[in-house]
Structures are given as C-alpha cells and as structure tokens.
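What's in upload-v4.tsv: TSV, C-alpha atoms and all ligand atoms
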```tsv
chain	number	residue	atom	x	y	z
A	259	MET	CA	2.27	-28.54	0.75
A	260	ASP	CA	-0.55	-30.02	-1.25
A	261	ASP	CA	-3.24	-28.43	-3.45
A	262	GLY	CA	-1.82	-25.07	-2.49
A	263	SER	CA	-2.35	-25.69	1.22
A	264	VAL	CA	0.02	-26.26	4.09
A	265	VAL	CA	0.11	-29.97	5.02
A	266	ALA	CA	2.40	-29.96	8.04
A	267	VAL	CA	4.48	-27.59	10.14
A	268	ALA	CA	7.37	-29.21	12.01
A	269	PRO	CA	11.06	-28.64	12.77
A	270	SER	CA	11.95	-31.50	10.44
A	271	ILE	CA	9.90	-33.08	7.65
A	272	ASP	CA	10.90	-35.99	5.39
A	273	PRO	CA	9.95	-34.70	1.95
A	274	PRO	CA	8.08	-37.10	-0.30
A	275	ALA	CA	9.95	-38.27	-3.41
A	276	GLY	CA	10.00	-35.62	-6.11
A	277	ALA	CA	9.13	-32.77	-3.77
A	278	THR	CA	10.80	-29.37	-4.20
A	279	VAL	CA	12.80	-28.48	-1.09
A	280	LEU	CA	13.47	-24.81	-0.34
A	281	ASP	CA	16.25	-23.67	1.95
A	282	ALA	CA	14.75	-21.55	4.72
A	283	SER	CA	17.54	-21.96	7.25
A	284	GLY	CA	17.80	-18.94	9.52
A	285	CYS	CA	14.61	-17.53	8.01
A	286	LEU	CA	11.18	-16.45	9.18
A	287	VAL	CA	8.31	-18.23	7.44
A	288	THR	CA	5.40	-15.82	7.60
A	289	PRO	CA	2.01	-15.43	5.97
A	290	GLY	CA	2.43	-13.76	2.56
A	291	LEU	CA	2.44	-9.99	2.71
A	292	VAL	CA	-0.60	-7.92	1.68
A	293	ASP	CA	-0.28	-4.39	0.31
A	294	LEU	CA	-3.48	-2.35	0.39
A	295	HIS	CA	-2.09	0.46	-1.75
A	296	VAL	CA	-0.19	0.05	-5.02
A	297	HIS	CA	-0.31	1.87	-8.33
A	298	LEU	CA	0.17	-0.60	-11.18
A	299	ARG	CA	-0.49	2.12	-13.80
A	300	GLN	CA	-2.27	-0.13	-16.32
A	301	PRO	CA	-4.34	0.85	-18.24
A	302	GLY	CA	-2.89	4.11	-19.50
A	303	GLY	CA	0.44	4.43	-17.67
A	304	GLU	CA	2.34	1.47	-19.10
A	305	GLU	CA	5.44	3.61	-19.59
A	306	ALA	CA	5.84	3.65	-15.78
A	307	GLU	CA	4.53	0.16	-14.81
A	308	THR	CA	2.25	-2.64	-15.91
A	309	VAL	CA	0.22	-5.12	-13.94
A	310	GLU	CA	2.88	-7.69	-14.84
A	311	THR	CA	5.96	-5.67	-13.83
A	312	GLY	CA	4.23	-4.45	-10.69
A	313	SER	CA	3.18	-8.00	-9.82
A	314	ARG	CA	6.78	-9.15	-10.23
A	315	GLY	CA	8.01	-6.38	-7.93
A	316	ALA	CA	5.31	-7.32	-5.42
A	317	ALA	CA	6.32	-10.99	-5.43
A	318	LEU	CA	10.00	-10.05	-5.02
A	319	GLY	CA	8.97	-7.92	-2.05
A	320	GLY	CA	7.20	-10.87	-0.40
A	321	PHE	CA	3.66	-9.77	-1.28
A	322	THR	CA	1.16	-12.45	-2.26
A	323	ALA	CA	-1.71	-9.98	-2.67
A	324	VAL	CA	-1.99	-6.30	-3.52
A	325	VAL	CA	-4.83	-3.82	-3.95
A	326	ALA	CA	-4.48	-1.82	-7.18
A	327	MET	CA	-5.44	1.84	-6.97
A	328	PRO	CA	-7.98	3.16	-9.50
A	329	ASN	CA	-6.18	6.24	-10.83
A	330	THR	CA	-5.54	4.64	-14.19
A	331	THR	CA	-6.59	5.94	-17.62
A	332	PRO	CA	-9.42	5.21	-17.93
A	333	ALA	CA	-10.09	5.10	-14.19
A	334	GLN	CA	-11.12	1.84	-12.54
A	335	ASP	CA	-14.68	3.04	-12.13
A	336	ASP	CA	-16.66	0.36	-13.93
A	337	VAL	CA	-16.77	-3.41	-14.11
A	338	GLU	CA	-15.10	-3.64	-17.53
A	339	VAL	CA	-11.88	-1.97	-16.38
A	340	ILE	CA	-11.86	-4.05	-13.19
A	341	ARG	CA	-12.12	-7.21	-15.29
A	342	ALA	CA	-9.28	-6.09	-17.57
A	343	VAL	CA	-6.94	-5.53	-14.59
A	344	ARG	CA	-7.84	-8.96	-13.23
A	345	ARG	CA	-7.14	-10.52	-16.64
A	346	TRP	CA	-3.67	-8.93	-16.85
A	347	ALA	CA	-2.95	-10.12	-13.31
A	348	ALA	CA	-4.01	-13.66	-14.18
A	349	GLU	CA	-1.73	-13.60	-17.22
A	350	ALA	CA	1.22	-12.42	-15.13
A	351	ASP	CA	0.35	-15.08	-12.52
A	352	LEU	CA	2.78	-13.73	-9.93
A	353	CYS	CA	0.62	-12.13	-7.24
A	354	ASP	CA	-3.08	-11.80	-6.41
A	355	VAL	CA	-4.23	-8.39	-7.64
A	356	HIS	CA	-7.45	-7.01	-6.16
A	357	PRO	CA	-8.49	-3.91	-8.11
A	358	SER	CA	-10.06	-1.18	-6.05
A	359	ALA	CA	-12.67	0.99	-7.68
A	360	ALA	CA	-13.18	4.73	-7.66
A	361	ILE	CA	-15.79	6.35	-5.41
A	362	THR	CA	-16.79	8.85	-8.11
A	363	VAL	CA	-17.03	8.42	-11.87
A	364	GLY	CA	-13.69	9.27	-13.45
A	365	ARG	CA	-12.45	10.21	-9.94
A	366	ALA	CA	-13.93	13.60	-10.79
A	367	GLY	CA	-15.68	14.07	-7.45
A	368	GLU	CA	-19.09	14.72	-8.96
A	369	ARG	CA	-21.16	11.55	-9.32
A	370	LEU	CA	-20.98	8.25	-7.40
A	371	VAL	CA	-20.00	5.01	-9.15
A	372	ASP	CA	-22.35	2.02	-9.32
A	373	PHE	CA	-21.30	0.55	-5.95
A	374	VAL	CA	-23.73	-2.37	-6.22
A	375	ALA	CA	-22.42	-3.56	-9.60
A	376	LEU	CA	-18.76	-3.13	-8.59
A	377	HIS	CA	-19.32	-4.91	-5.27
A	378	ALA	CA	-21.06	-7.74	-7.12
A	379	ALA	CA	-17.94	-7.93	-9.32
A	380	GLY	CA	-15.85	-8.48	-6.18
A	381	VAL	CA	-14.58	-4.98	-5.36
A	382	ARG	CA	-14.31	-4.24	-1.63
A	383	ILE	CA	-12.13	-1.11	-1.44
A	384	PHE	CA	-13.43	2.07	-3.04
A	385	THR	CA	-11.25	5.17	-3.27
A	386	ASP	CA	-10.57	8.20	-5.45
A	387	ASP	CA	-6.92	7.95	-4.33
A	388	GLY	CA	-4.77	10.73	-5.68
A	389	ASN	CA	-7.75	12.99	-5.01
A	390	GLU	CA	-9.82	13.37	-1.90
A	391	VAL	CA	-13.59	13.30	-2.19
A	392	ALA	CA	-13.94	16.98	-1.40
A	393	ASP	CA	-17.75	17.22	-1.30
A	394	ALA	CA	-18.97	16.23	2.18
A	395	ALA	CA	-22.50	15.48	1.01
A	396	LEU	CA	-21.17	13.20	-1.71
A	397	MET	CA	-18.91	11.41	0.79
A	398	ARG	CA	-21.90	10.99	3.11
A	399	ALA	CA	-23.90	9.49	0.24
A	400	ALA	CA	-21.01	7.13	-0.56
A	401	PHE	CA	-20.87	5.88	3.05
A	402	GLU	CA	-24.63	5.31	2.97
A	403	ALA	CA	-24.49	3.54	-0.39
A	404	CYS	CA	-21.88	1.10	0.95
A	405	LEU	CA	-23.74	0.28	4.18
A	406	PRO	CA	-25.71	-2.66	2.73
A	407	LEU	CA	-22.66	-4.07	0.87
A	408	PRO	CA	-20.79	-6.63	3.03
A	409	GLY	CA	-17.09	-5.83	3.41
A	410	ALA	CA	-17.21	-2.58	1.43
A	411	VAL	CA	-14.90	0.14	2.75
A	412	LEU	CA	-14.14	3.67	1.57
A	413	GLY	CA	-10.46	4.64	1.37
A	414	GLN	CA	-9.82	8.35	1.62
A	415	HIS	CA	-6.80	10.24	0.29
A	416	ALA	CA	-7.10	12.75	3.11
A	417	GLU	CA	-5.79	16.06	1.85
A	418	CYS	CA	-8.24	18.97	1.79
A	419	ALA	CA	-8.00	19.88	-1.88
A	420	SER	CA	-8.40	23.63	-1.54
A	421	LEU	CA	-5.56	23.79	1.02
A	422	VAL	CA	-2.98	21.85	-1.00
A	423	CYS	CA	-3.71	22.94	-4.56
A	424	ASP	CA	-0.55	25.08	-4.83
A	425	GLY	CA	1.66	22.88	-2.65
A	426	HIS	CA	4.53	20.56	-3.48
A	427	LEU	CA	5.87	19.44	-0.09
A	428	HIS	CA	5.12	19.81	3.62
A	429	GLU	CA	4.46	23.43	4.52
A	430	GLY	CA	7.28	24.41	6.84
A	431	ALA	CA	10.89	25.50	6.97
A	432	VAL	CA	12.00	23.30	4.07
A	433	SER	CA	9.25	24.49	1.70
A	434	ALA	CA	10.04	28.08	2.69
A	435	ALA	CA	13.76	27.60	2.02
A	436	LEU	CA	13.00	26.14	-1.41
A	437	GLY	CA	10.53	28.92	-2.14
A	438	LEU	CA	7.81	26.39	-2.98
A	439	GLY	CA	4.17	26.28	-1.93
A	440	GLY	CA	3.40	23.91	0.94
A	441	ARG	CA	0.87	21.25	1.83
A	442	PRO	CA	0.06	21.84	5.51
A	443	ALA	CA	-0.59	18.98	7.91
A	444	ALA	CA	-3.90	20.72	8.66
A	445	ALA	CA	-5.12	19.65	5.20
A	446	GLU	CA	-4.99	16.01	6.30
A	447	GLU	CA	-6.41	16.71	9.74
A	448	ILE	CA	-9.43	18.53	8.31
A	449	THR	CA	-10.43	15.72	5.95
A	450	VAL	CA	-9.86	12.96	8.52
A	451	ALA	CA	-11.91	14.86	11.13
A	452	ARG	CA	-14.70	15.47	8.62
A	453	ASP	CA	-14.82	11.83	7.56
A	454	LEU	CA	-14.90	10.66	11.18
A	455	ALA	CA	-17.85	12.97	11.73
A	456	LEU	CA	-19.52	11.38	8.70
A	457	LEU	CA	-18.88	7.92	10.16
A	458	ARG	CA	-20.60	9.03	13.35
A	459	LEU	CA	-23.50	10.27	11.24
A	460	THR	CA	-23.85	7.28	8.92
A	461	GLY	CA	-22.33	4.25	10.68
A	462	GLY	CA	-20.16	3.76	7.60
A	463	ARG	CA	-16.68	2.27	7.29
A	464	LEU	CA	-13.52	4.27	6.51
A	465	HIS	CA	-9.91	3.38	5.75
A	466	VAL	CA	-7.51	6.33	6.00
A	467	LEU	CA	-4.91	5.98	3.26
A	468	HIS	CA	-1.21	6.85	3.78
A	469	ALA	CA	-1.59	8.79	7.03
A	470	SER	CA	1.28	11.24	7.44
A	471	CYS	CA	0.80	13.33	10.56
A	472	ALA	CA	0.49	13.17	14.33
A	473	THR	CA	-3.02	14.62	14.35
A	474	THR	CA	-4.35	11.80	12.16
A	475	ALA	CA	-2.97	9.22	14.57
A	476	ALA	CA	-4.61	11.01	17.51
A	477	LEU	CA	-7.96	11.36	15.72
A	478	VAL	CA	-8.05	7.71	14.64
A	479	ARG	CA	-6.98	6.50	18.09
A	480	ALA	CA	-9.87	8.40	19.67
A	481	ALA	CA	-12.34	7.30	16.98
A	482	LYS	CA	-11.45	3.65	17.53
A	483	ALA	CA	-11.94	4.08	21.28
A	484	GLU	CA	-15.35	5.55	20.50
A	485	GLY	CA	-16.24	2.50	18.41
A	486	LEU	CA	-16.28	4.07	14.96
A	487	ARG	CA	-15.47	1.70	12.10
A	488	VAL	CA	-12.15	3.19	11.01
A	489	THR	CA	-8.77	1.74	10.03
A	490	MET	CA	-5.58	3.47	8.91
A	491	GLU	CA	-2.41	2.74	6.97
A	492	VAL	CA	1.03	4.33	6.91
A	493	THR	CA	3.76	3.93	4.32
A	494	PRO	CA	7.36	2.91	5.03
A	495	GLN	CA	8.51	6.32	3.78
A	496	HIS	CA	6.33	8.20	6.26
A	497	LEU	CA	7.70	6.01	9.07
A	498	VAL	CA	11.31	6.59	8.07
A	499	LEU	CA	11.90	9.84	6.14
A	500	THR	CA	11.29	13.49	7.05
A	501	ASP	CA	10.77	16.59	4.92
A	502	ALA	CA	14.47	17.30	5.38
A	503	ALA	CA	14.96	14.77	2.56
A	504	CYS	CA	13.47	17.38	0.19
A	505	ALA	CA	15.94	20.11	1.17
A	506	ALA	CA	18.15	19.64	-1.90
A	507	GLY	CA	15.10	19.83	-4.18
A	508	ASP	CA	15.36	16.19	-5.33
A	509	PRO	CA	11.93	15.22	-6.75
A	510	THR	CA	12.53	11.58	-5.77
A	511	PHE	CA	11.29	12.72	-2.36
A	512	LYS	CA	8.14	14.38	-3.67
A	513	VAL	CA	5.04	12.48	-2.57
A	514	ASN	CA	1.43	13.20	-1.58
A	515	PRO	CA	0.77	13.45	1.28
A	516	PRO	CA	4.26	14.86	1.74
A	517	LEU	CA	7.07	13.76	4.02
A	518	ARG	CA	6.61	15.49	7.37
A	519	PRO	CA	8.85	16.71	10.21
A	520	GLY	CA	10.32	14.28	12.74
A	521	SER	CA	7.60	14.95	15.31
A	522	ASP	CA	5.03	13.46	12.92
A	523	VAL	CA	7.27	10.49	12.13
A	524	ASP	CA	7.66	9.83	15.86
A	525	ALA	CA	3.88	9.97	16.38
A	526	LEU	CA	3.26	7.52	13.51
A	527	ARG	CA	5.81	5.10	14.97
A	528	LEU	CA	4.07	5.26	18.35
A	529	ALA	CA	0.71	4.70	16.62
A	530	LEU	CA	2.13	1.64	14.88
A	531	ALA	CA	3.49	0.26	18.13
A	532	ASP	CA	0.22	0.74	20.04
A	533	GLY	CA	-1.94	-0.78	17.29
A	534	THR	CA	-3.67	2.41	16.13
A	535	VAL	CA	-2.04	1.89	12.74
A	536	ASP	CA	-3.61	-1.17	11.13
A	537	ALA	CA	-1.48	-1.55	8.05
A	538	ILE	CA	1.83	-0.65	6.48
A	539	ALA	CA	1.05	-0.04	2.80
A	540	THR	CA	3.66	1.01	0.27
A	541	ASP	CA	1.75	3.48	-1.94
A	542	HIS	CA	4.07	2.08	-4.63
A	543	ALA	CA	3.86	4.86	-7.23
A	544	PRO	CA	6.10	4.34	-10.27
A	545	HIS	CA	6.92	7.27	-12.54
A	546	ALA	CA	8.98	7.06	-15.72
A	547	PRO	CA	12.48	8.49	-15.17
A	548	HIS	CA	12.07	11.41	-17.57
A	549	THR	CA	9.03	12.66	-15.65
A	550	LYS	CA	10.76	12.48	-12.26
A	551	ALA	CA	13.77	14.32	-13.75
A	552	ARG	CA	11.77	17.55	-13.94
A	553	PRO	CA	12.19	20.39	-11.41
A	554	PHE	CA	10.57	19.66	-8.01
A	555	ALA	CA	7.49	21.80	-8.71
A	556	ASP	CA	6.83	20.08	-12.06
A	557	ALA	CA	7.64	16.45	-11.17
A	558	PRO	CA	4.80	14.04	-10.35
A	559	PRO	CA	4.43	12.92	-6.71
A	560	GLY	CA	5.14	9.31	-5.73
A	561	MET	CA	7.76	6.73	-4.78
A	562	LEU	CA	8.50	3.08	-5.45
A	563	GLY	CA	7.95	0.80	-2.47
A	564	LEU	CA	7.17	-2.84	-3.17
A	565	GLU	CA	10.70	-4.20	-3.38
A	566	THR	CA	12.07	-2.35	-0.35
A	567	ALA	CA	9.19	-2.48	2.18
A	568	VAL	CA	10.42	-5.48	4.16
A	569	GLY	CA	14.05	-4.38	4.26
A	570	VAL	CA	13.19	-0.81	5.26
A	571	ALA	CA	10.66	-1.88	7.90
A	572	LEU	CA	12.94	-4.48	9.47
A	573	THR	CA	16.04	-2.27	9.36
A	574	THR	CA	14.54	0.98	10.55
A	575	VAL	CA	11.31	0.27	12.39
A	576	VAL	CA	12.11	-3.07	14.05
A	577	GLY	CA	15.89	-2.52	14.10
A	578	GLY	CA	15.39	0.95	15.55
A	579	GLY	CA	13.25	-0.46	18.35
A	580	HIS	CA	10.12	1.42	17.32
A	581	ALA	CA	7.84	-1.61	16.98
A	582	SER	CA	8.13	-5.36	17.42
A	583	LEU	CA	8.71	-7.78	14.57
A	584	GLU	CA	5.27	-9.29	15.12
A	585	THR	CA	3.60	-5.87	15.01
A	586	VAL	CA	5.34	-5.01	11.75
A	587	LEU	CA	4.55	-8.36	10.12
A	588	GLY	CA	0.95	-8.08	11.28
A	589	ALA	CA	0.71	-4.64	9.67
A	590	LEU	CA	2.21	-6.06	6.48
A	591	SER	CA	0.03	-9.16	6.30
A	592	TRP	CA	-2.85	-10.34	8.41
A	593	ARG	CA	-4.31	-7.01	9.46
A	594	PRO	CA	-4.51	-5.57	5.91
A	595	ALA	CA	-5.86	-8.92	4.66
A	596	ARG	CA	-8.77	-8.55	7.07
A	597	ILE	CA	-9.43	-4.93	6.06
A	598	ALA	CA	-9.75	-5.98	2.41
A	599	GLY	CA	-11.77	-9.13	3.21
A	600	MET	CA	-9.15	-11.46	1.71
A	601	THR	CA	-10.04	-14.76	3.34
A	602	ASP	CA	-7.13	-16.69	1.75
A	603	GLN	CA	-4.38	-14.23	2.72
A	604	GLY	CA	-2.71	-13.42	6.02
A	605	ARG	CA	-3.73	-16.77	7.45
A	606	PRO	CA	-1.73	-18.61	10.12
A	607	VAL	CA	1.11	-20.86	8.92
A	608	ALA	CA	-0.73	-24.04	9.87
A	609	PRO	CA	-1.98	-27.28	8.29
A	610	GLY	CA	-4.96	-26.80	6.00
A	611	GLU	CA	-4.32	-23.08	5.49
A	612	PRO	CA	-3.60	-21.63	2.02
A	613	ALA	CA	0.15	-21.69	1.38
A	614	ASN	CA	0.52	-18.00	0.57
A	615	LEU	CA	3.81	-17.54	2.33
A	616	CYS	CA	6.81	-15.27	2.55
A	617	VAL	CA	10.25	-16.51	3.65
A	618	ILE	CA	12.38	-13.69	5.04
A	619	ASP	CA	16.07	-13.85	5.93
A	620	PRO	CA	16.18	-11.30	8.76
A	621	GLU	CA	19.98	-11.16	8.76
A	622	ALA	CA	20.58	-10.75	5.02
A	623	ARG	CA	22.43	-7.52	4.30
A	624	TRP	CA	21.99	-5.82	0.97
A	625	LYS	CA	22.26	-2.47	-0.76
A	626	VAL	CA	19.26	-1.07	-2.61
A	627	ASP	CA	20.03	-0.71	-6.33
A	628	ALA	CA	17.11	0.87	-8.18
A	629	ALA	CA	18.60	-0.20	-11.51
A	630	MET	CA	18.08	-3.85	-10.52
A	631	MET	CA	14.38	-3.52	-9.65
A	632	ALA	CA	11.61	-5.35	-11.48
A	633	SER	CA	9.64	-2.11	-11.70
A	634	ARG	CA	9.71	-0.22	-14.97
A	635	SER	CA	10.53	2.90	-12.96
A	636	ARG	CA	13.49	3.89	-10.77
A	637	ASN	CA	12.06	6.45	-8.32
A	638	SER	CA	13.08	4.75	-5.08
A	639	PRO	CA	13.78	7.06	-2.14
A	640	PHE	CA	15.85	4.24	-0.62
A	641	ALA	CA	18.36	3.83	-3.47
A	642	GLY	CA	21.82	3.26	-2.04
A	643	TRP	CA	20.54	2.36	1.43
A	644	ASP	CA	22.16	-0.53	3.28
A	645	LEU	CA	19.37	-2.75	4.59
A	646	ARG	CA	19.21	-5.77	6.85
A	647	GLY	CA	16.41	-8.26	6.13
A	648	ARG	CA	15.40	-9.52	2.72
A	649	VAL	CA	12.76	-11.74	1.13
A	650	ARG	CA	14.27	-15.06	0.05
A	651	HIS	CA	11.23	-16.96	-1.24
A	652	THR	CA	7.60	-16.09	-1.96
A	653	LEU	CA	5.04	-18.89	-2.31
A	654	ARG	CA	1.66	-18.41	-3.87
A	655	ARG	CA	-0.77	-21.24	-3.18
A	656	GLY	CA	2.22	-23.49	-2.62
A	657	GLU	CA	4.06	-22.54	-5.77
A	658	PRO	CA	7.36	-20.65	-5.50
A	659	VAL	CA	6.97	-17.43	-7.50
A	660	VAL	CA	10.22	-16.11	-6.03
A	661	LEU	CA	13.07	-18.50	-5.29
A	662	ASP	CA	16.31	-17.33	-3.70
A	663	GLY	CA	15.41	-13.73	-4.49
A	664	THR	CA	14.69	-14.43	-8.16
A	665	ALA	CA	11.26	-14.20	-9.77
A	666	GLN	CA	10.34	-17.46	-11.45
A	667	ARG	CA	8.80	-15.79	-14.50
A	701	ZN	ZN	-3.02	8.74	-2.22
```
Please re-express this file's structure in structure tokens.
Amino acid sequence: MDDGSVVAVAPSIDPPAGATVLDASGCLVTPGLVDLHVHLRQPGGEEAETVETGSRGAALGGFTAVVAMPNTTPAQDDVEVIRAVRRWAAEADLCDVHPSAAITVGRAGERLVDFVALHAAGVRIFTDDGNEVADAALMRAAFEACLPLPGAVLGQHAECASLVCDGHLHEGAVSAALGLGGRPAAAEEITVARDLALLRLTGGRLHVLHASCATTAALVRAAKAEGLRVTMEVTPQHLVLTDAACAAGDPTFKVNPPLRPGSDVDALRLALADGTVDAIATDHAPHAPHTKARPFADAPPGMLGLETAVGVALTTVVGGGHASLETVLGALSWRPARIAGMTDQGRPVAPGEPANLCVIDPEARWKVDAAMMASRSRNSPFAGWDLRGRVRHTLRRGEPVVLDGTAQR
C-alpha cells in the first residue's frame, strides 16, 4: 500500500524494507464495511456514546465509514452541528463519519431544513430517523426540494406515528401476553406505501430505513421492478431475532421498529438473498445502562450493533444458508457505499483503489461479551452468543486502525 491506496494484489508479495506486515492467513480481505445507520449520540447524549467511542466500535466491527443519524441534541439540522460532528470524527481519526441531516427543523415534522446549504456542506442522506415525517405534503415537498441536489436521498423511519404512539413492541401474541400496547406491522406498510406513491408523483429518491416486515419487502420489490428510485436496509437484529425475544419483558430487546414474528424474518432473509434488500445497517443505538434497566414500557428503544454485525451476519445469515457470503458482504459494503455516494468506500480490492479494507477471519469463534465492547453502553441483544467469524484487522486509507482485534488508539 502506498499513499493510502492498494499497490498490488497477489498471492505472495515481497514487502519493501520497513513495511508493516499483517497476518491475514485464512482470512477474507474485503472492502471496508459501510454502515448507513448509526447513532453516535454526540452532541447531547455523551453518557451513552460519543463520536470517538462509536468510531472505535465501528472500526472494531470492520467499518471504515458510517452515517451518523441526526437525532442528537441539538439535532443535526444545520451546517454548524454537521461541522461539529465532522470535527469530533477527525479528532478520533478511527472511521469516516458522514453526518446525515434532519428533513425537518429539530426533527419536529413542521418545517423543512435548508437542503441546499446542507447539501453544499456535503450531506447526502436526510432523515428524521426516530420519527417518521408524518405529513404527506411536507414529505412531498422534501422529495421535490432534493430533486436538483445530486446524490441527495431521503431516509424514512417508516412507522405511521398515530398507529404506534402507545406501542412498545410488535402488536401480536407477545405484546398481548405482556399486557403492553403494540406497534402493528401495518404502521410500517402504510408509510412505505405512501412514500412510494410520493416517489411516483415526484420522481424523488427514497431509502427505507430498518425495514422490519414482509409487506415492506414486497412493496419495495415491486417498486424497484416499476423503476422507482428506492433502496432499503435491514438490521442484523431484524434478520435474526423475533418478537419472542421480548417474551420475558427484557428491554434489551426493545427497538423501533420492533422485532417481528418469524414469518417477517423469513421474508426479509428472502429479500436479502434476491437483492431487494440493498444494505445491512446496524441501527447501532447505545443507551446508558441505567436507562435500559427500566421496565419495558419505560425503557428507550434501541440496540448496539457495530461490534457484532459481521459475526452475527456470518454465523446466522451465511451460516444458516439464507444468503451467500458475497451477498452479505455487498450489503455491508459496496451497495451502501453507493447509496450514500461515498466514492472512496466499497471499492474493489485492486491496485490504485483506496485501501479502506476489512480483514475477516471467517473461522474465528468467539463469545460476545458486552462488558468488553468499545461502546459506552452495554445494550447488546447478542450478549453471550457464540459467533463464528470475526474482524481481525481494519485498514483506513492504508493505515491499520484495528490490528489483531485491537483498536490502535
Ligand atoms: Zn429509526
């Protein structure tokens, strides 16, 4: 590697004198992973995570670039906050952090942000994540405002707000047994269907965040066949866990959109395998332990994901025969890089390309220990799981930021 680029790819290379040699025997050398959906919590939520601790977790998970969600305090809705997040990321110097920006001022759903100024500042993904944009006319105006801005895409947290306002988990047998209000799958279906209709109306571009149900997969599959400009992501947890995980009332398994029944999980796996799903994104959502220790109804929704994504995906999705290794790596790297317009990420491992790389030992066996994570929080739904497949090294522009599973700063 030279100047942060790959110089040569060969079975055997004589390293020049003084070169650092990394052991990648038995490993996959892949383009660095790209996560379109992480919550780094800074500014305002530093008790749960910072840009630095989140960047370290990302690097340990094999990610060389992440998109930071805007539900900070204050919200990432103007250029000043975007610049602050970039500055913290540059100081941490562990992972490329691309801040997204809100669609509406303060994520309040009332008034659109200054798309032109934010786009000029480099923002490409706009989302009110955590909230949907409930007002259809406002969402239409947002699609139209982004039309002239190259690469701009609207990410929707698709849960019809009025249908989920009293809900804590998927509406079904488990929510009934717990005596808690539910969040029906119909809430997601309604918002996705509405936004696809708005795409048809405006010609805009939509990215469906953390899709959780079979109907979303079917709607997006049909919309792609029709030629609408839509992409979708799923999280590892929605590909692996069902709402049965909530049966004991453990708030670790509380997340929005909620974990769904097995029939939805099966449909999402099929959608990943057939290419309808574009990206696996973690929705890494740290919460300080004392907040997640509350009763299910009072605990905040969200799960950690950055440090377990590769292990969970390889063990359960690839290992379970639900999708090929190449499909999973594509959904973790080059396809999300294209959605976010990252021209230096998700590139082929080839001479002249930026050396943003991830070295994965597909046979490494390990047990998830939340206490050992780089995150400031501990709310991993995979704690105690035995996984097969682990990130050994992460290289950012040729520099090892993770070496033998250890962050270098
Ligand atoms: Zn969300």
Show me which residues are within 10 Å of ligand ZN 701 (chain A) counting only C-alpha atoms and all ligand atoms, and format the list as an mmCIF file with C-alpha atoms, in the frame of the given file.
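File produced: pocket32.cif:
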```cif
data_model
loop_
_atom_site.group_PDB
_atom_site.id
_atom_site.type_symbol
_atom_site.label_atom_id
_atom_site.label_comp_id
_atom_site.auth_asym_id
_atom_site.auth_seq_id
_atom_site.Cartn_x
_atom_site.Cartn_y
_atom_site.Cartn_z
ATOM 1 C CA HIS A 295 -2.090 0.460 -1.750
ATOM 2 C CA VAL A 296 -0.190 0.050 -5.020
ATOM 3 C CA HIS A 297 -0.310 1.870 -8.330
ATOM 4 C CA MET A 327 -5.440 1.840 -6.970
ATOM 5 C CA ASN A 329 -6.180 6.240 -10.830
ATOM 6 C CA THR A 385 -11.250 5.170 -3.270
ATOM 7 C CA ASP A 386 -10.570 8.200 -5.450
ATOM 8 C CA ASP A 387 -6.920 7.950 -4.330
ATOM 9 C CA GLY A 388 -4.770 10.730 -5.680
ATOM 10 C CA ASN A 389 -7.750 12.990 -5.010
ATOM 11 C CA GLU A 390 -9.820 13.370 -1.900
ATOM 12 C CA GLY A 413 -10.460 4.640 1.370
ATOM 13 C CA GLN A 414 -9.820 8.350 1.620
ATOM 14 C CA HIS A 415 -6.800 10.240 0.290
ATOM 15 C CA ALA A 416 -7.100 12.750 3.110
ATOM 16 C CA GLU A 417 -5.790 16.060 1.850
ATOM 17 C CA VAL A 466 -7.510 6.330 6.000
ATOM 18 C CA LEU A 467 -4.910 5.980 3.260
ATOM 19 C CA HIS A 468 -1.210 6.850 3.780
ATOM 20 C CA ALA A 469 -1.590 8.790 7.030
ATOM 21 C CA VAL A 513 5.040 12.480 -2.570
ATOM 22 C CA ASN A 514 1.430 13.200 -1.580
ATOM 23 C CA PRO A 515 0.770 13.450 1.280
ATOM 24 C CA ASP A 541 1.750 3.480 -1.940
ATOM 25 C CA ALA A 543 3.860 4.860 -7.230
ATOM 26 C CA PRO A 559 4.430 12.920 -6.710
ATOM 27 C CA GLY A 560 5.140 9.310 -5.730
#
```
TODO: Record the distance separating CA of Thr534 in chain A and CA of Val478 in chain A, expressed in Å with one decimal.
DONE: 7.0 Å
Task: Gap from CA of Ala434 in chain A to CA of Met561 in chain A - Å, one decimal - done: 22.7 Å
Open item on the list: If we count all atoms listed in the file and set the cut-off at 10 Å, which residues sit around Arg458 in chain A, ignoring sequence neighbours fewer than 3 positions away in its own chain? Please answer as a VMD selection string.
Closed with: chain A and resid 452 to 455 461 to 463 481 484 to 487
TODO: Write out as an MDAnalysis selection string the residues lying within 12 Å of range 425-431 of chain A, counting all atoms listed in the file and excluding same-chain residues fewer than 3 positions away.
DONE: chainID A and resid 417:422 434:446 470:471 496 500:505 507:520 522 553:560
